[in-house]
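The data block below is structure-v2.cif; it holds mmCIF, C-alpha atoms.
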data_start
loop_
_atom_site.label_atom_id
_atom_site.label_comp_id
_atom_site.auth_asym_id
_atom_site.auth_seq_id
_atom_site.Cartn_x
_atom_site.Cartn_y
_atom_site.Cartn_z
CA MET A 579 -7.49 19.72 -15.26
CA ILE A 580 -4.27 20.13 -13.25
CA ARG A 581 -6.50 21.45 -10.46
CA ILE A 582 -8.61 18.25 -10.48
CA LEU A 583 -5.40 16.26 -10.20
CA MET A 584 -4.05 18.36 -7.34
CA PHE A 585 -7.37 18.18 -5.54
CA SER A 586 -7.57 14.39 -5.77
CA VAL A 587 -4.01 13.99 -4.51
CA ALA A 588 -4.63 16.40 -1.63
CA ALA A 589 -7.80 14.51 -0.69
CA ALA A 590 -5.95 11.21 -0.78
CA CYS A 591 -3.10 12.57 1.35
CA LEU A 592 -5.61 13.80 3.89
CA MET A 593 -7.26 10.39 3.97
CA ALA A 594 -3.93 8.65 4.49
CA SER A 595 -2.70 11.02 7.20
CA GLN A 596 -5.62 10.51 9.55
CA ALA A 597 -4.81 10.12 13.24
CA ASN A 598 -2.58 7.20 14.11
CA ALA A 599 -5.10 5.48 16.38
CA THR A 600 -6.19 2.26 14.71
CA GLY A 601 -9.65 2.28 16.27
CA LEU A 602 -9.21 -1.39 17.18
CA ALA A 603 -9.83 -0.53 20.81
CA THR A 604 -10.11 2.56 22.97
CA CYS A 605 -9.52 2.88 26.68
CA ASN A 606 -10.98 5.68 28.74
CA SER A 607 -7.75 5.89 30.67
CA GLY A 608 -7.40 9.56 31.61
CA PRO A 609 -4.03 11.22 32.25
CA LYS A 610 -0.94 9.06 31.92
CA SER A 611 0.25 9.99 35.41
CA ALA A 612 -2.41 7.62 36.79
CA TRP A 613 -1.49 4.71 34.51
CA LYS A 614 0.07 1.56 35.84
CA PRO A 615 3.62 1.44 34.48
CA GLU A 616 4.42 -0.45 31.29
CA ALA A 617 7.09 -2.38 33.18
CA GLN A 618 4.44 -3.82 35.49
CA LEU A 619 2.39 -5.05 32.54
CA GLN A 620 5.50 -6.54 30.98
CA LYS A 621 6.44 -8.32 34.19
CA MET A 622 2.91 -9.68 34.59
CA LEU A 623 2.83 -11.07 31.03
CA ILE A 624 6.31 -12.57 31.23
CA GLY A 625 5.10 -14.30 34.38
CA GLN A 626 2.31 -15.84 32.27
CA GLY A 627 4.88 -17.24 29.87
CA TRP A 628 4.59 -14.55 27.19
CA GLN A 629 7.53 -13.42 25.07
CA ILE A 630 6.99 -9.69 24.70
CA ARG A 631 7.88 -8.33 21.29
CA ARG A 632 6.67 -4.80 21.70
CA ILE A 633 4.44 -2.64 23.86
CA LYS A 634 3.03 0.60 22.48
CA GLU A 635 0.07 2.88 23.10
CA ASP A 636 -3.00 2.87 20.91
CA GLY A 637 -6.32 4.55 21.61
CA GLY A 638 -5.35 5.16 25.24
CA CYS A 639 -4.59 1.45 25.77
CA TYR A 640 -1.38 -0.52 26.03
CA GLU A 641 -1.05 -2.58 22.85
CA VAL A 642 1.12 -5.66 23.27
CA TYR A 643 2.69 -7.72 20.49
CA ALA A 644 3.81 -11.02 21.92
CA ILE A 645 4.13 -14.76 21.56
CA ASP A 646 1.89 -16.25 24.21
CA GLY A 647 2.56 -19.32 26.37
CA ASN A 648 1.23 -21.58 23.60
CA GLY A 649 3.64 -20.14 21.02
CA LYS A 650 0.84 -18.24 19.33
CA ARG A 651 1.34 -14.67 18.03
CA VAL A 652 -1.00 -12.33 19.86
CA GLU A 653 -1.77 -8.64 19.57
CA THR A 654 -3.62 -7.79 22.75
CA TYR A 655 -4.85 -4.56 24.30
CA PHE A 656 -4.68 -3.85 28.03
CA HIS A 657 -6.36 -1.12 30.01
CA PRO A 658 -3.65 1.08 31.55
CA LEU A 659 -5.56 1.57 34.82
CA THR A 660 -6.45 -2.07 35.47
CA LEU A 661 -4.08 -4.03 33.21
CA GLU A 662 -7.11 -6.09 32.17
CA VAL A 663 -7.50 -7.33 28.61
CA VAL A 664 -9.55 -5.01 26.40
CA PRO A 665 -11.56 -6.77 23.69
CA THR A 666 -10.78 -5.55 20.14
CA SER A 667 -12.70 -5.53 16.90
CA LYS A 668 -9.88 -7.45 15.25
CA THR A 669 -10.24 -11.17 14.59
CA ASN A 670 -7.07 -12.66 15.93
CA MET B 35 -1.87 -3.72 -27.71
CA TRP B 36 -1.77 -4.60 -23.97
CA ASP B 37 -1.88 -8.40 -23.77
CA PRO B 38 -4.37 -10.33 -21.59
CA LEU B 39 -1.73 -11.03 -18.93
CA VAL B 40 -0.83 -7.34 -18.53
CA ARG B 41 -4.51 -6.44 -18.24
CA GLY B 42 -5.39 -9.33 -15.92
CA LEU B 43 -2.45 -8.66 -13.61
CA HIS B 44 -3.30 -4.95 -13.58
CA TRP B 45 -6.88 -5.42 -12.41
CA GLY B 46 -5.92 -8.23 -10.06
CA LEU B 47 -3.26 -6.05 -8.42
CA ALA B 48 -5.65 -3.08 -8.24
CA THR B 49 -8.22 -5.27 -6.47
CA CYS B 50 -5.66 -6.63 -3.99
CA VAL B 51 -4.18 -3.22 -3.18
CA ILE B 52 -7.63 -1.72 -2.57
CA ALA B 53 -8.71 -4.73 -0.50
CA ALA B 54 -5.52 -4.68 1.59
CA PHE B 55 -5.70 -0.90 2.08
CA PHE B 56 -9.22 -0.95 3.46
CA THR B 57 -8.65 -4.01 5.67
CA ARG B 58 -5.44 -2.64 7.24
CA HIS B 59 -7.08 -2.69 10.68
CA GLY B 60 -8.75 -6.05 10.03
CA PRO B 61 -10.06 -8.53 9.22
CA GLU B 62 -6.51 -9.84 9.14
CA ILE B 63 -7.28 -12.87 6.98
CA VAL B 64 -8.52 -10.65 4.12
CA HIS B 65 -5.62 -8.19 4.54
CA ASN B 66 -2.94 -10.88 4.54
CA THR B 67 -4.46 -12.89 1.68
CA ALA B 68 -4.74 -9.74 -0.46
CA GLY B 69 -1.12 -8.90 0.37
CA TYR B 70 0.27 -12.30 -0.58
CA ILE B 71 -1.69 -12.34 -3.85
CA ALA B 72 -0.47 -8.78 -4.56
CA LEU B 73 3.15 -9.90 -4.02
CA ALA B 74 2.68 -12.84 -6.42
CA ILE B 75 1.06 -10.58 -9.02
CA ALA B 76 3.80 -7.93 -8.75
CA LEU B 77 6.51 -10.57 -9.16
CA ALA B 78 4.69 -12.06 -12.16
CA ARG B 79 4.38 -8.60 -13.74
CA ILE B 80 8.08 -7.94 -13.18
CA VAL B 81 9.01 -11.24 -14.87
CA TRP B 82 6.61 -10.37 -17.71
CA GLY B 83 8.25 -6.95 -17.91
CA PHE B 84 11.42 -8.68 -19.07
CA ALA B 85 10.03 -11.74 -20.83
CA GLY B 86 6.74 -10.46 -22.23
CA GLY B 87 5.74 -8.92 -25.53
CA GLU B 88 6.34 -5.47 -26.98
CA PHE B 89 3.88 -3.51 -24.82
CA ALA B 90 4.60 -5.47 -21.64
CA ARG B 91 8.39 -5.05 -21.59
CA PHE B 92 9.78 -2.34 -19.28
CA ALA B 93 12.61 -1.60 -21.71
CA ASN B 94 9.99 -0.46 -24.24
CA PHE B 95 8.24 2.07 -22.06
CA VAL B 96 10.34 3.06 -19.02
CA ALA B 97 11.92 6.26 -20.32
CA SER B 98 15.20 7.87 -19.24
CA PRO B 99 15.00 10.74 -16.73
CA ARG B 100 15.82 13.23 -19.50
CA ALA B 101 13.10 11.87 -21.79
CA THR B 102 10.66 11.95 -18.88
CA VAL B 103 11.45 15.61 -18.12
CA ASN B 104 11.07 16.45 -21.82
CA TYR B 105 7.74 14.65 -21.93
CA THR B 106 6.56 16.52 -18.81
CA LEU B 107 7.53 19.87 -20.36
CA ALA B 108 5.69 18.86 -23.54
CA VAL B 109 2.58 18.04 -21.48
CA LEU B 110 2.74 21.45 -19.80
CA GLY B 111 3.15 23.04 -23.25
CA ARG B 112 0.21 21.00 -24.57
CA ARG B 113 2.36 19.50 -27.30
CA GLU B 114 3.14 16.01 -25.99
CA PRO B 115 3.25 13.15 -28.50
CA HIS B 116 0.78 10.28 -28.38
CA TYR B 117 1.98 6.90 -27.11
CA LEU B 118 0.30 3.68 -28.15
CA GLY B 119 1.52 1.99 -24.95
CA HIS B 120 2.42 3.73 -21.66
CA ASN B 121 3.73 7.31 -21.76
CA PRO B 122 6.91 8.12 -19.77
CA LEU B 123 5.07 9.55 -16.75
CA GLY B 124 2.68 6.60 -16.66
CA ALA B 125 5.68 4.31 -16.90
CA TRP B 126 7.36 5.80 -13.84
CA MET B 127 4.11 5.51 -11.91
CA ILE B 128 4.07 1.80 -12.80
CA VAL B 129 7.64 1.46 -11.50
CA ALA B 130 6.75 3.36 -8.30
CA LEU B 131 3.60 1.32 -7.70
CA LEU B 132 5.33 -2.03 -8.30
CA PHE B 133 8.21 -0.99 -6.02
CA SER B 134 5.77 0.04 -3.29
CA VAL B 135 3.88 -3.23 -3.63
CA LEU B 136 7.16 -5.17 -3.19
CA VAL B 137 8.20 -3.14 -0.12
CA THR B 138 4.76 -3.22 1.49
CA THR B 139 4.09 -6.91 0.90
CA GLY B 140 7.68 -7.88 1.71
CA THR B 141 7.58 -6.17 5.10
CA GLY B 142 4.02 -7.46 5.60
CA TRP B 143 5.24 -11.00 5.04
CA LEU B 144 8.04 -10.54 7.59
CA LEU B 145 5.59 -9.08 10.13
CA ASP B 146 3.56 -12.27 9.65
CA THR B 147 6.47 -14.39 10.90
CA ASP B 148 7.37 -15.21 14.52
CA ALA B 149 10.78 -13.62 14.03
CA TYR B 150 9.59 -10.13 13.05
CA PHE B 151 6.09 -10.03 14.55
CA GLY B 152 5.54 -6.54 16.00
CA ASP B 153 8.93 -5.31 14.74
CA GLU B 154 8.85 -1.51 14.96
CA LEU B 155 10.99 -0.72 11.92
CA PHE B 156 9.13 -3.11 9.61
CA GLU B 157 5.79 -1.90 10.96
CA ASP B 158 6.71 1.72 10.25
CA VAL B 159 7.98 0.95 6.74
CA HIS B 160 4.91 -1.21 6.06
CA ALA B 161 2.53 1.53 7.25
CA PHE B 162 4.37 4.30 5.38
CA PHE B 163 4.38 2.54 2.02
CA GLY B 164 0.89 1.17 2.62
CA LYS B 165 -0.53 4.63 3.18
CA LEU B 166 1.49 6.00 0.26
CA PHE B 167 -0.87 4.05 -1.99
CA ALA B 168 -3.66 6.59 -1.36
CA PRO B 169 -1.90 9.57 -3.03
CA MET B 170 -0.16 7.31 -5.57
CA VAL B 171 -3.36 5.67 -6.75
CA ALA B 172 -5.07 9.09 -6.85
CA LEU B 173 -2.21 10.38 -9.00
CA HIS B 174 -2.31 7.24 -11.17
CA VAL B 175 -6.07 7.50 -11.78
CA GLY B 176 -5.77 11.29 -12.23
CA GLY B 177 -3.06 10.76 -14.84
CA VAL B 178 -5.18 8.17 -16.64
CA ILE B 179 -8.16 10.55 -16.77
CA PHE B 180 -5.93 13.46 -17.81
CA THR B 181 -4.26 11.54 -20.63
CA SER B 182 -7.58 10.04 -21.76
CA LEU B 183 -9.11 13.52 -22.10
CA ARG B 184 -6.03 15.10 -23.64
CA GLN B 185 -5.45 12.30 -26.17
CA LYS B 186 -9.19 11.71 -26.74
CA GLU B 187 -8.84 8.02 -25.96
CA ASN B 188 -10.25 5.90 -23.16
CA LEU B 189 -7.32 4.35 -21.29
CA VAL B 190 -9.61 2.50 -18.86
CA THR B 191 -11.32 0.72 -21.75
CA ALA B 192 -7.91 0.09 -23.29
CA MET B 193 -6.76 -1.62 -20.08
CA ILE B 194 -9.88 -3.82 -20.24
CA THR B 195 -9.98 -4.69 -23.94
CA GLY B 196 -6.33 -4.20 -24.89
CA ARG B 197 -7.33 -1.85 -27.72
CA LYS B 198 -7.07 1.89 -28.14
CA THR B 199 -9.56 3.81 -30.24
CA THR B 200 -6.91 6.12 -31.68
CA PRO B 201 -6.11 6.06 -35.43
CA ASP B 202 -2.65 4.53 -34.97
CA ASN B 203 -4.04 1.48 -33.19
#
Encoded form (structure tokens):
Amino acid sequence: MIRILMFSVAAACLMASQANATGLATCNSGPKSAWKPEAQLQKMLIGQGWQIRRIKEDGGCYEVYAIDGNGKRVETYFHPLTLEVVPTSKTN
Amino acid sequence: MWDPLVRGLHWGLATCVIAAFFTRHGPEIVHNTAGYIALAIALARIVWGFAGGEFARFANFVASPRATVNYTLAVLGRREPHYLGHNPLGAWMIVALLFSVLVTTGTGWLLDTDAYFGDELFEDVHAFFGKLFAPMVALHVGGVIFTSLRQKENLVTAMITGRKTTPDN
């Protein structure tokens, strides 16, 4: 009985500790040495009137949390090689 | 034994936690709605834990650390007493689950504001406690099955009907 319990907890832990990628979007972006720098993306978005809250990496893309020019909260993915918007499966 | 509010809030919270867990990468509307309802339910249960009846009140089932250790040793020695309401280990799981719901939904709420949108610390705390529900719920359900078998009573039915089939019901 204890074994059943331990097994179910172990299985649940495994499920919860899956890779950190959210699967919302993936970018085939190759080695980071070829990426356009984060600072360039930031500068570009600020130029478009965005207030950048945070930029992180997810699925090989840049993931940006920001308030856009219309004051709307946006979570947008950008391809690190082109800095173009990557469509996500998330309904924003 | 367990009143309709305890039972209703229990299944409502279970539904919301499961719904929020599996929509953590979207759709956002479902995730957020489930989270806000979960927060309301947890707060209602906490109020009821002080203002409710005999089997709803925390003071009547949240055992001291010493009593909880003694109960655990009794379980391991196969000589634990029967509880009509929650046993001490179940009680601490309730406390842990309610606490995690408050932390997860509280940080989730803040992340849904302009001020804390994308905040790294709140995101990390939210994700940590959110994912903690997987092992916690597994342990909770495992404990329910364990106690049901050991005490020859069906705790799932009891949480639906409010009755236990044991002689001292």
Exercise for the section: Find, counting all atoms listed in the file, the residue in A:Cys605, A:Ala612, A:Gln626, A:Asn648 that gets nearest to Val664 of chain A. Expected result: A:Cys605
Handout entry: Exercise answer, chain B residues close to chain A, 12 Å and only C-alpha atoms, as a ChimeraX atom specification
Key = /B:55-65,109-110,145-155,157-158,161-184
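Interatomic distance, atom CA of Ile194 of chain B to atom CA of Ala93 of chain B: 22.6 Å.
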Practice task
Would you mind listing what lies within 10 Å of Thr604 of chain A as a list in words, with all atoms listed in the file counted and same-chain residues fewer than 3 positions away left out?
Solution key: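 The residues satisfying every condition are Ala599, Thr600, Gly601, Ser607, Asp636, Gly637, Gly638, Cys639, Tyr640, Tyr655, Phe656, His657, Val664, Pro665 and Thr666 of chain A.
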Handout entry: One-decimal distance in Å that lies between atom CA of Pro38 of chain B and atom CA of Thr191 of chain B
Key =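 According to the coordinates, atom CA of Thr191 of chain B and atom CA of Pro38 of chain B are separated by 13.1 Å.
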Practice task
Report as number ranges by chain the full result of the PyMOL selection byres ((chain B and resi 136) around 12) when it is applied to this structure.
Solution key: B: 47, 51, 69-80, 129-135, 137-143, 159-160, 163-164
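From atom CA of Lys186 of chain B back to atom CA of Gly111 of chain B, the distance works out to 17.1 Å.
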Exercise for the section: For the structure provided, state which residues fall under the PyMOL selection byres ((chain B and resi 35) around 7), and present them as a list in words. Expected result: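 For this structure, the PyMOL selection byres ((chain B and resi 35) around 7) captures Trp36, Asp37, Phe89, Gly196 and Arg197 of chain B.
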Handout entry: Option closest in space to Val96 of chain B, from B:Leu118, B:Trp126, B:Ala68, B:Ala108 [counting all atoms listed in the file]
Key = B:Trp126
Problem - Shortest interatomic distance to Ala48 of chain B - which of B:Arg113, B:Ile128, B:Thr195, B:Pro122, counting all atoms listed in the file - result: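 Nearest to Ala48 of chain B: B:Ile128.
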Problem - Residue list as a PyMOL selection string for point (4.2, 10.7, -19.8), cut-off 10 Å, only C-alpha atoms - result: chain B and resi 95-97+101-109+114-117+120-127+177+181
Go ahead and write the selection's residues with C-alpha atoms as a short mmCIF file (atom, residue, chain, number, x, y, z; two decimals), keeping the file's coordinate frame.
data_model
loop_
_atom_site.label_atom_id
_atom_site.label_comp_id
_atom_site.auth_asym_id
_atom_site.auth_seq_id
_atom_site.Cartn_x
_atom_site.Cartn_y
_atom_site.Cartn_z
CA PHE B 95 8.24 2.07 -22.06
CA VAL B 96 10.34 3.06 -19.02
CA ALA B 97 11.92 6.26 -20.32
CA ALA B 101 13.10 11.87 -21.79
CA THR B 102 10.66 11.95 -18.88
CA VAL B 103 11.45 15.61 -18.12
CA ASN B 104 11.07 16.45 -21.82
CA TYR B 105 7.74 14.65 -21.93
CA THR B 106 6.56 16.52 -18.81
CA LEU B 107 7.53 19.87 -20.36
CA ALA B 108 5.69 18.86 -23.54
CA VAL B 109 2.58 18.04 -21.48
CA GLU B 114 3.14 16.01 -25.99
CA PRO B 115 3.25 13.15 -28.50
CA HIS B 116 0.78 10.28 -28.38
CA TYR B 117 1.98 6.90 -27.11
CA HIS B 120 2.42 3.73 -21.66
CA ASN B 121 3.73 7.31 -21.76
CA PRO B 122 6.91 8.12 -19.77
CA LEU B 123 5.07 9.55 -16.75
CA GLY B 124 2.68 6.60 -16.66
CA ALA B 125 5.68 4.31 -16.90
CA TRP B 126 7.36 5.80 -13.84
CA MET B 127 4.11 5.51 -11.91
CA GLY B 177 -3.06 10.76 -14.84
CA THR B 181 -4.26 11.54 -20.63
#
Problem - Nearest to Gln618 of chain A, chosen from A:Leu661, A:Gly647, A:Arg581, A:Glu635, with all atoms listed in the file counted in the distances - result: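 With all atoms listed in the file as the atom set, the closest residue is A:Leu661.
Considering only C-alpha atoms, the residue among A:Leu623, A:Asp646, A:Trp628, A:Gly608 positioned nearest to Glu662 of chain A is A:Leu623.
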Could segment 176-187 of chain B be written out with all heavy atoms, as a compact mmCIF listing (two decimals), in the first residue's frame, please?
# COMPACT_ATOMS: atom_id res chain seq x y z
N GLY B 176 -3.92 9.45 -2.64
CA GLY B 176 -3.32 8.23 -2.10
C GLY B 176 -3.70 8.02 -0.64
O GLY B 176 -4.04 6.91 -0.23
N GLY B 177 -3.66 9.09 0.14
CA GLY B 177 -4.04 9.01 1.55
C GLY B 177 -5.50 8.64 1.73
O GLY B 177 -5.86 7.86 2.62
N VAL B 178 -6.35 9.19 0.87
CA VAL B 178 -7.79 8.89 0.92
C VAL B 178 -8.02 7.40 0.64
O VAL B 178 -8.77 6.73 1.36
CB VAL B 178 -8.56 9.78 -0.09
CG1 VAL B 178 -9.97 9.24 -0.32
CG2 VAL B 178 -8.62 11.22 0.39
N ILE B 179 -7.34 6.89 -0.39
CA ILE B 179 -7.50 5.47 -0.75
C ILE B 179 -6.95 4.60 0.38
O ILE B 179 -7.58 3.64 0.82
CB ILE B 179 -6.79 5.16 -2.09
CG1 ILE B 179 -7.48 5.91 -3.23
CG2 ILE B 179 -6.77 3.66 -2.36
CD1 ILE B 179 -6.72 5.89 -4.55
N PHE B 180 -5.77 4.97 0.88
CA PHE B 180 -5.14 4.22 1.97
C PHE B 180 -6.05 4.13 3.19
O PHE B 180 -6.32 3.06 3.72
CB PHE B 180 -3.81 4.90 2.35
CG PHE B 180 -3.10 4.27 3.50
CD1 PHE B 180 -2.23 3.21 3.29
CD2 PHE B 180 -3.31 4.73 4.79
CE1 PHE B 180 -1.57 2.62 4.37
CE2 PHE B 180 -2.66 4.15 5.87
CZ PHE B 180 -1.79 3.09 5.66
N THR B 181 -6.54 5.30 3.63
CA THR B 181 -7.39 5.32 4.83
C THR B 181 -8.71 4.58 4.58
O THR B 181 -9.21 3.88 5.47
CB THR B 181 -7.67 6.79 5.25
OG1 THR B 181 -6.43 7.46 5.40
CG2 THR B 181 -8.43 6.84 6.57
N SER B 182 -9.26 4.72 3.38
CA SER B 182 -10.50 4.03 3.05
C SER B 182 -10.33 2.52 3.17
O SER B 182 -11.17 1.84 3.74
CB SER B 182 -10.96 4.39 1.63
OG SER B 182 -11.28 5.75 1.55
N LEU B 183 -9.21 2.02 2.64
CA LEU B 183 -8.96 0.57 2.70
C LEU B 183 -8.68 0.13 4.13
O LEU B 183 -9.23 -0.86 4.61
CB LEU B 183 -7.77 0.21 1.79
CG LEU B 183 -7.99 0.40 0.28
CD1 LEU B 183 -6.70 0.16 -0.49
CD2 LEU B 183 -9.09 -0.54 -0.23
N ARG B 184 -7.84 0.90 4.82
CA ARG B 184 -7.44 0.52 6.17
C ARG B 184 -8.62 0.56 7.13
O ARG B 184 -8.79 -0.31 7.98
CB ARG B 184 -6.32 1.47 6.63
CG ARG B 184 -5.69 1.19 7.97
CD ARG B 184 -4.92 -0.10 8.02
NE ARG B 184 -3.57 -0.09 7.53
CZ ARG B 184 -2.52 0.48 8.16
NH1 ARG B 184 -2.67 1.12 9.27
NH2 ARG B 184 -1.33 0.38 7.64
N GLN B 185 -9.47 1.59 6.99
CA GLN B 185 -10.60 1.75 7.93
C GLN B 185 -11.87 1.09 7.40
O GLN B 185 -12.93 1.19 8.02
CB GLN B 185 -10.86 3.24 8.21
CG GLN B 185 -9.71 3.98 8.85
CD GLN B 185 -9.52 3.63 10.32
OE1 GLN B 185 -10.34 2.95 10.92
NE2 GLN B 185 -8.42 4.10 10.91
N LYS B 186 -11.77 0.47 6.22
CA LYS B 186 -12.94 -0.17 5.60
C LYS B 186 -14.13 0.79 5.50
O LYS B 186 -15.25 0.49 5.91
CB LYS B 186 -13.33 -1.44 6.36
CG LYS B 186 -12.24 -2.50 6.31
CD LYS B 186 -12.70 -3.80 6.94
CE LYS B 186 -11.66 -4.90 6.75
NZ LYS B 186 -10.36 -4.55 7.40
N GLU B 187 -13.84 1.98 4.99
CA GLU B 187 -14.89 2.97 4.77
C GLU B 187 -14.56 3.67 3.46
O GLU B 187 -13.40 3.69 3.05
CB GLU B 187 -14.95 3.99 5.91
CG GLU B 187 -13.68 4.85 6.01
CD GLU B 187 -13.65 5.75 7.22
OE1 GLU B 187 -14.56 5.65 8.06
OE2 GLU B 187 -12.70 6.54 7.33
